[in-house]
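Colleague: Dropping in model_25.cif, with mmCIF, N, CA and C atoms.
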data_structure
#
loop_
_atom_site.label_atom_id
_atom_site.label_comp_id
_atom_site.auth_asym_id
_atom_site.auth_seq_id
_atom_site.Cartn_x
_atom_site.Cartn_y
_atom_site.Cartn_z
N MET A 1 26.62 10.58 6.20
CA MET A 1 25.78 9.74 5.36
C MET A 1 26.60 9.31 4.15
N GLY A 2 26.67 8.02 3.93
CA GLY A 2 27.46 7.49 2.84
C GLY A 2 26.65 7.34 1.56
N THR A 3 27.36 7.00 0.51
CA THR A 3 26.72 6.80 -0.79
C THR A 3 25.76 5.61 -0.75
N GLY A 4 26.13 4.57 -0.03
CA GLY A 4 25.27 3.40 0.08
C GLY A 4 23.95 3.70 0.78
N ALA A 5 24.01 4.54 1.80
CA ALA A 5 22.78 4.92 2.50
C ALA A 5 21.87 5.71 1.59
N MET A 6 22.44 6.62 0.81
CA MET A 6 21.63 7.41 -0.11
C MET A 6 21.05 6.55 -1.21
N THR A 7 21.83 5.61 -1.73
CA THR A 7 21.33 4.71 -2.76
C THR A 7 20.19 3.85 -2.23
N GLY A 8 20.35 3.34 -1.02
CA GLY A 8 19.29 2.55 -0.40
C GLY A 8 18.02 3.36 -0.20
N PHE A 9 18.18 4.59 0.23
CA PHE A 9 17.02 5.45 0.44
C PHE A 9 16.32 5.77 -0.88
N ILE A 10 17.10 6.02 -1.93
CA ILE A 10 16.50 6.31 -3.24
C ILE A 10 15.74 5.10 -3.76
N LEU A 11 16.30 3.91 -3.60
CA LEU A 11 15.59 2.70 -4.00
C LEU A 11 14.31 2.52 -3.18
N TRP A 12 14.38 2.83 -1.90
CA TRP A 12 13.21 2.75 -1.02
C TRP A 12 12.13 3.71 -1.52
N LEU A 13 12.53 4.93 -1.91
CA LEU A 13 11.58 5.91 -2.44
C LEU A 13 10.96 5.45 -3.76
N ILE A 14 11.75 4.80 -4.59
CA ILE A 14 11.23 4.30 -5.87
C ILE A 14 10.15 3.26 -5.62
N VAL A 15 10.37 2.36 -4.67
CA VAL A 15 9.35 1.36 -4.34
C VAL A 15 8.10 2.05 -3.81
N GLY A 16 8.27 3.06 -2.96
CA GLY A 16 7.12 3.81 -2.45
C GLY A 16 6.35 4.50 -3.57
N CYS A 17 7.08 5.05 -4.54
CA CYS A 17 6.42 5.69 -5.69
C CYS A 17 5.68 4.67 -6.54
N LEU A 18 6.23 3.47 -6.68
CA LEU A 18 5.54 2.41 -7.42
C LEU A 18 4.24 2.01 -6.72
N LEU A 19 4.28 1.95 -5.40
CA LEU A 19 3.05 1.64 -4.65
C LEU A 19 2.00 2.74 -4.86
N MET A 20 2.45 3.98 -4.86
CA MET A 20 1.53 5.09 -5.10
C MET A 20 1.00 5.05 -6.54
N ALA A 21 1.83 4.65 -7.50
CA ALA A 21 1.39 4.54 -8.88
C ALA A 21 0.32 3.44 -9.02
N LEU A 22 0.47 2.35 -8.28
CA LEU A 22 -0.58 1.32 -8.26
C LEU A 22 -1.89 1.89 -7.73
N GLY A 23 -1.79 2.72 -6.69
CA GLY A 23 -2.98 3.35 -6.14
C GLY A 23 -3.65 4.28 -7.12
N ILE A 24 -2.85 5.06 -7.84
CA ILE A 24 -3.42 5.96 -8.85
C ILE A 24 -4.05 5.16 -9.98
N GLY A 25 -3.41 4.07 -10.37
CA GLY A 25 -3.99 3.20 -11.39
C GLY A 25 -5.31 2.59 -10.95
N ALA A 26 -5.44 2.30 -9.66
CA ALA A 26 -6.69 1.73 -9.14
C ALA A 26 -7.83 2.74 -9.26
N PHE A 27 -7.52 4.02 -9.14
CA PHE A 27 -8.55 5.05 -9.27
C PHE A 27 -9.23 5.01 -10.63
N PHE A 28 -8.49 4.68 -11.67
CA PHE A 28 -9.00 4.74 -13.03
C PHE A 28 -9.38 3.39 -13.60
N ALA A 29 -9.30 2.34 -12.81
CA ALA A 29 -9.63 0.99 -13.29
C ALA A 29 -11.13 0.84 -13.48
N LYS A 30 -11.50 0.09 -14.49
CA LYS A 30 -12.93 -0.15 -14.78
C LYS A 30 -13.45 -1.39 -14.05
N LYS A 31 -12.58 -2.39 -13.85
CA LYS A 31 -12.97 -3.60 -13.13
C LYS A 31 -12.42 -3.52 -11.71
N GLU A 32 -12.92 -4.41 -10.85
CA GLU A 32 -12.43 -4.45 -9.48
C GLU A 32 -10.93 -4.72 -9.46
N VAL A 33 -10.21 -3.92 -8.72
CA VAL A 33 -8.77 -4.15 -8.60
C VAL A 33 -8.53 -5.12 -7.44
N GLY A 34 -7.50 -5.92 -7.59
CA GLY A 34 -7.16 -6.86 -6.53
C GLY A 34 -6.19 -6.22 -5.55
N PHE A 35 -6.35 -6.55 -4.30
CA PHE A 35 -5.43 -6.04 -3.29
C PHE A 35 -4.35 -7.07 -3.00
N PHE A 36 -4.76 -8.33 -2.93
CA PHE A 36 -3.80 -9.41 -2.67
C PHE A 36 -3.32 -9.98 -3.99
N ASN A 37 -2.06 -10.37 -4.04
CA ASN A 37 -1.47 -10.92 -5.25
C ASN A 37 -2.03 -12.31 -5.52
N ASN A 38 -2.31 -12.60 -6.79
CA ASN A 38 -2.78 -13.91 -7.25
C ASN A 38 -4.12 -14.31 -6.65
N VAL A 39 -4.92 -13.35 -6.22
CA VAL A 39 -6.26 -13.63 -5.71
C VAL A 39 -7.24 -12.79 -6.51
N LYS A 40 -8.20 -13.46 -7.14
CA LYS A 40 -9.19 -12.75 -7.93
C LYS A 40 -10.09 -11.95 -6.98
N PRO A 41 -10.30 -10.66 -7.27
CA PRO A 41 -11.15 -9.86 -6.37
C PRO A 41 -12.60 -10.33 -6.42
N LEU A 42 -13.27 -10.21 -5.30
CA LEU A 42 -14.68 -10.57 -5.21
C LEU A 42 -15.52 -9.54 -5.96
N PRO A 43 -16.71 -9.94 -6.42
CA PRO A 43 -17.58 -8.94 -7.07
C PRO A 43 -18.02 -7.89 -6.04
N MET A 44 -17.99 -6.63 -6.45
CA MET A 44 -18.33 -5.52 -5.56
C MET A 44 -19.59 -4.82 -6.06
N ARG A 45 -20.35 -4.25 -5.13
CA ARG A 45 -21.58 -3.52 -5.48
C ARG A 45 -21.27 -2.26 -6.28
N ASP A 46 -20.37 -1.44 -5.77
CA ASP A 46 -20.01 -0.18 -6.41
C ASP A 46 -18.53 -0.23 -6.76
N VAL A 47 -18.25 -0.62 -7.99
CA VAL A 47 -16.87 -0.85 -8.41
C VAL A 47 -16.05 0.44 -8.34
N LYS A 48 -16.63 1.55 -8.77
CA LYS A 48 -15.89 2.82 -8.79
C LYS A 48 -15.49 3.24 -7.37
N ALA A 49 -16.41 3.18 -6.44
CA ALA A 49 -16.12 3.56 -5.06
C ALA A 49 -15.12 2.58 -4.43
N TYR A 50 -15.27 1.30 -4.74
CA TYR A 50 -14.34 0.29 -4.23
C TYR A 50 -12.92 0.56 -4.73
N ASN A 51 -12.79 0.81 -6.03
CA ASN A 51 -11.47 1.08 -6.60
C ASN A 51 -10.86 2.35 -6.01
N ARG A 52 -11.67 3.36 -5.76
CA ARG A 52 -11.15 4.59 -5.14
C ARG A 52 -10.67 4.31 -3.71
N ALA A 53 -11.40 3.50 -2.99
CA ALA A 53 -10.99 3.16 -1.62
C ALA A 53 -9.68 2.38 -1.62
N VAL A 54 -9.55 1.42 -2.52
CA VAL A 54 -8.30 0.66 -2.62
C VAL A 54 -7.17 1.57 -3.08
N GLY A 55 -7.47 2.46 -4.01
CA GLY A 55 -6.46 3.41 -4.48
C GLY A 55 -5.96 4.31 -3.36
N LYS A 56 -6.88 4.82 -2.55
CA LYS A 56 -6.48 5.65 -1.40
C LYS A 56 -5.61 4.85 -0.43
N LEU A 57 -6.02 3.61 -0.18
CA LEU A 57 -5.24 2.75 0.73
C LEU A 57 -3.82 2.55 0.21
N LEU A 58 -3.68 2.29 -1.09
CA LEU A 58 -2.36 2.07 -1.66
C LEU A 58 -1.52 3.35 -1.67
N ILE A 59 -2.14 4.48 -1.92
CA ILE A 59 -1.40 5.74 -1.90
C ILE A 59 -0.91 6.06 -0.49
N ILE A 60 -1.78 5.88 0.49
CA ILE A 60 -1.38 6.10 1.88
C ILE A 60 -0.29 5.11 2.28
N TYR A 61 -0.44 3.86 1.84
CA TYR A 61 0.58 2.85 2.12
C TYR A 61 1.92 3.28 1.55
N GLY A 62 1.93 3.79 0.32
CA GLY A 62 3.17 4.23 -0.30
C GLY A 62 3.81 5.41 0.43
N ILE A 63 2.99 6.36 0.87
CA ILE A 63 3.51 7.52 1.59
C ILE A 63 4.12 7.10 2.92
N VAL A 64 3.41 6.26 3.66
CA VAL A 64 3.93 5.79 4.96
C VAL A 64 5.18 4.94 4.73
N PHE A 65 5.18 4.14 3.67
CA PHE A 65 6.35 3.32 3.34
C PHE A 65 7.57 4.21 3.12
N MET A 66 7.39 5.29 2.37
CA MET A 66 8.51 6.20 2.13
C MET A 66 8.98 6.88 3.42
N ALA A 67 8.03 7.24 4.27
CA ALA A 67 8.40 7.86 5.55
C ALA A 67 9.18 6.88 6.44
N LEU A 68 8.82 5.61 6.37
CA LEU A 68 9.54 4.61 7.16
C LEU A 68 10.95 4.37 6.64
N GLY A 69 11.25 4.84 5.45
CA GLY A 69 12.59 4.71 4.91
C GLY A 69 13.54 5.81 5.35
N LEU A 70 13.02 6.84 6.00
CA LEU A 70 13.87 7.95 6.44
C LEU A 70 15.03 7.51 7.34
N PRO A 71 14.86 6.52 8.22
CA PRO A 71 16.01 6.08 9.03
C PRO A 71 17.17 5.53 8.21
N LEU A 72 16.94 5.17 6.96
CA LEU A 72 18.04 4.70 6.11
C LEU A 72 19.07 5.79 5.88
N LEU A 73 18.64 7.04 5.96
CA LEU A 73 19.57 8.15 5.74
C LEU A 73 20.61 8.27 6.86
N ALA A 74 20.33 7.66 8.01
CA ALA A 74 21.24 7.74 9.14
C ALA A 74 22.43 6.79 9.00
N GLY A 75 22.41 5.97 7.98
CA GLY A 75 23.51 5.02 7.79
C GLY A 75 23.16 3.67 8.37
N GLN A 76 24.17 2.91 8.72
CA GLN A 76 23.97 1.55 9.19
C GLN A 76 23.82 1.51 10.71
N ASN A 77 22.77 2.11 11.18
CA ASN A 77 22.44 2.07 12.59
C ASN A 77 21.41 0.96 12.77
N SER A 78 21.76 -0.10 13.45
CA SER A 78 20.91 -1.28 13.56
C SER A 78 19.54 -0.98 14.14
N ALA A 79 19.48 -0.13 15.15
CA ALA A 79 18.20 0.17 15.79
C ALA A 79 17.27 0.89 14.82
N LEU A 80 17.81 1.82 14.04
CA LEU A 80 16.97 2.56 13.10
C LEU A 80 16.54 1.68 11.92
N LEU A 81 17.43 0.81 11.46
CA LEU A 81 17.05 -0.11 10.39
C LEU A 81 15.96 -1.07 10.86
N LEU A 82 16.07 -1.51 12.10
CA LEU A 82 15.05 -2.39 12.67
C LEU A 82 13.72 -1.65 12.77
N LEU A 83 13.77 -0.37 13.10
CA LEU A 83 12.55 0.45 13.14
C LEU A 83 11.88 0.48 11.77
N SER A 84 12.66 0.65 10.71
CA SER A 84 12.10 0.66 9.35
C SER A 84 11.47 -0.68 9.01
N ILE A 85 12.17 -1.75 9.30
CA ILE A 85 11.68 -3.08 8.94
C ILE A 85 10.41 -3.43 9.73
N LEU A 86 10.44 -3.23 11.03
CA LEU A 86 9.26 -3.53 11.85
C LEU A 86 8.10 -2.59 11.51
N GLY A 87 8.43 -1.36 11.15
CA GLY A 87 7.40 -0.42 10.74
C GLY A 87 6.67 -0.86 9.49
N VAL A 88 7.42 -1.37 8.52
CA VAL A 88 6.81 -1.86 7.29
C VAL A 88 5.96 -3.11 7.57
N VAL A 89 6.42 -3.97 8.45
CA VAL A 89 5.63 -5.15 8.81
C VAL A 89 4.31 -4.73 9.45
N ALA A 90 4.38 -3.79 10.39
CA ALA A 90 3.16 -3.31 11.05
C ALA A 90 2.25 -2.60 10.06
N GLU A 91 2.84 -1.81 9.15
CA GLU A 91 2.05 -1.10 8.15
C GLU A 91 1.34 -2.08 7.22
N THR A 92 2.02 -3.14 6.82
CA THR A 92 1.43 -4.14 5.93
C THR A 92 0.28 -4.86 6.61
N ILE A 93 0.46 -5.25 7.85
CA ILE A 93 -0.62 -5.91 8.60
C ILE A 93 -1.80 -4.96 8.76
N GLY A 94 -1.52 -3.70 9.05
CA GLY A 94 -2.58 -2.71 9.18
C GLY A 94 -3.33 -2.50 7.88
N ALA A 95 -2.62 -2.44 6.76
CA ALA A 95 -3.27 -2.26 5.46
C ALA A 95 -4.16 -3.46 5.12
N MET A 96 -3.68 -4.67 5.42
CA MET A 96 -4.51 -5.85 5.16
C MET A 96 -5.76 -5.83 6.02
N ALA A 97 -5.62 -5.42 7.28
CA ALA A 97 -6.78 -5.35 8.17
C ALA A 97 -7.78 -4.31 7.67
N VAL A 98 -7.31 -3.15 7.25
CA VAL A 98 -8.22 -2.12 6.74
C VAL A 98 -8.92 -2.62 5.49
N TYR A 99 -8.19 -3.29 4.61
CA TYR A 99 -8.81 -3.81 3.40
C TYR A 99 -9.91 -4.81 3.72
N ILE A 100 -9.60 -5.79 4.56
CA ILE A 100 -10.57 -6.86 4.84
C ILE A 100 -11.73 -6.36 5.69
N LEU A 101 -11.42 -5.66 6.77
CA LEU A 101 -12.46 -5.28 7.72
C LEU A 101 -13.29 -4.07 7.29
N VAL A 102 -12.70 -3.18 6.51
CA VAL A 102 -13.43 -1.97 6.15
C VAL A 102 -13.85 -1.99 4.69
N ILE A 103 -12.88 -2.02 3.79
CA ILE A 103 -13.19 -1.85 2.37
C ILE A 103 -13.97 -3.03 1.81
N GLN A 104 -13.47 -4.24 2.03
CA GLN A 104 -14.15 -5.41 1.47
C GLN A 104 -15.54 -5.57 2.07
N ASN A 105 -15.69 -5.39 3.36
CA ASN A 105 -17.01 -5.53 3.98
C ASN A 105 -17.99 -4.46 3.51
N LYS A 106 -17.50 -3.28 3.20
CA LYS A 106 -18.37 -2.19 2.79
C LYS A 106 -18.89 -2.36 1.37
N TYR A 107 -18.06 -2.86 0.45
CA TYR A 107 -18.43 -2.88 -0.96
C TYR A 107 -18.75 -4.25 -1.54
N GLU A 108 -18.54 -5.32 -0.80
CA GLU A 108 -18.75 -6.68 -1.32
C GLU A 108 -20.22 -6.94 -1.57
N LYS A 109 -20.52 -7.60 -2.71
CA LYS A 109 -21.90 -8.03 -2.98
C LYS A 109 -22.21 -9.18 -2.05
N LYS A 110 -23.33 -9.11 -1.40
CA LYS A 110 -23.70 -10.18 -0.47
C LYS A 110 -24.95 -10.87 -0.93
#
For this file, write the structure as structure tokens.
Modeller:
Amino acid sequence: MGTGAMTGFILWLIVGCLLMALGIGAFFAKKEVGFFNNVKPLPMRDVKAYNRAVGKLLIIYGIVFMALGLPLLAGQNSALLLLSILGVVAETIGAMAVYILVIQNKYEKK
């Protein structure tokens, strides 16, 4: 394992920690937190429960994101790097689906 692989993995972990910090911040927010960038969140029935659900989603997203970075420790192996990249794409699509189909539908004012 080279220095570059370790540096890349540490940067990957920092991004994962930032995602988890966003999730923790969502737990303590007073207003509805937004999940998508530059999109105003819809009004929710139970803001506290909604923010906790989004916070949990972001924390889980950060943990899985960090786990998907483990192949970076193997060095420049194309197959493992592709696994990390495709894993993050699948994780992001899954998180968006959970947000829209579960969280937003459960807490949105209708």
Colleague: Which is closest to Val98 (chain A) among A:Leu57, A:Gly75, A:Ala26, A:Leu82, if we use only C-alpha atoms?
Modeller: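 Ranking A:Leu57, A:Gly75, A:Ala26, A:Leu82 by distance to Val98 (chain A), first place goes to A:Leu57.
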Colleague: Rounded to one decimal in Å, what is the spacing between CA of Met44 (chain A) and CA of Ile24 (chain A)?
Modeller: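 About the pair CA of Met44 (chain A) and CA of Ile24 (chain A): they are 19.1 Å apart.
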Colleague: Using only C-alpha atoms, which residue out of A:Phe36, A:Gly2, A:Gly87, A:Trp12 lies closest to Leu58 (chain A)?
Modeller: A:Phe36
Colleague: Rounded to one decimal in Å, what is the spacing between atom N of Leu73 (chain A) and atom C of Val88 (chain A)?
Modeller: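 Atom C of Val88 (chain A) lies 16.3 Å from atom N of Leu73 (chain A).
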Colleague: For the structure I just gave you, how does DSSP split region 12-107 of chain A - specifically, which residues are alpha helix (DSSP H)? Reply as an MDAnalysis selection string.
Modeller: chainID A and resid 12:27 47:68 78:98 105:107
Colleague: So what do you get for atom N of Lys56 (chain A) versus atom N of Thr7 (chain A), distance-wise?
Modeller: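 So the answer is 28.7 Å.
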Colleague: Which residue, A:Gln76, A:Ile59, A:Phe35, A:Val54, has the smallest gap to Ile103 (chain A) when you use only N, CA and C atoms?
Modeller: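 Of the candidates, the smallest distance to Ile103 (chain A) is held by A:Val54.
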Colleague: Which is closer to Lys30 (chain A) than all the others in A:Asn77, A:Ala53, A:Gly94, A:Lys48, using only N, CA and C atoms?
Modeller: A:Lys48
Colleague: For a quick check of understanding, using only C-alpha atoms, which of A:Ala49, A:Leu86, A:Leu70, A:Met96 has the smallest distance to Gly8 (chain A)?
Modeller: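 Checking each of A:Ala49, A:Leu86, A:Leu70, A:Met96 against Gly8 (chain A), counting only C-alpha atoms, the winner is A:Leu70.
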Colleague: Nearest to Val47 (chain A): which of A:Lys31, A:Ser84, A:Gln104, A:Leu72 is it, counting only N, CA and C atoms?
Modeller: A:Lys31
Colleague: Check which residues satisfy the PyMOL selection byres ((chain A and resi 19) around 7) in the file shown, then give them as number ranges by chain.
Modeller: A: 14-18, 20-24, 58-59, 61-63
Colleague: Neighbouring residues of Lys110 (chain A) were defined as those with any atom within 8 Å, considering all atoms listed in the file; residues of the same chain fewer than 3 positions away were excluded. Please report them as a list in words.
Modeller: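 Result of the neighbour search: Pro43, Met44, Arg45 and Tyr107 of chain A.
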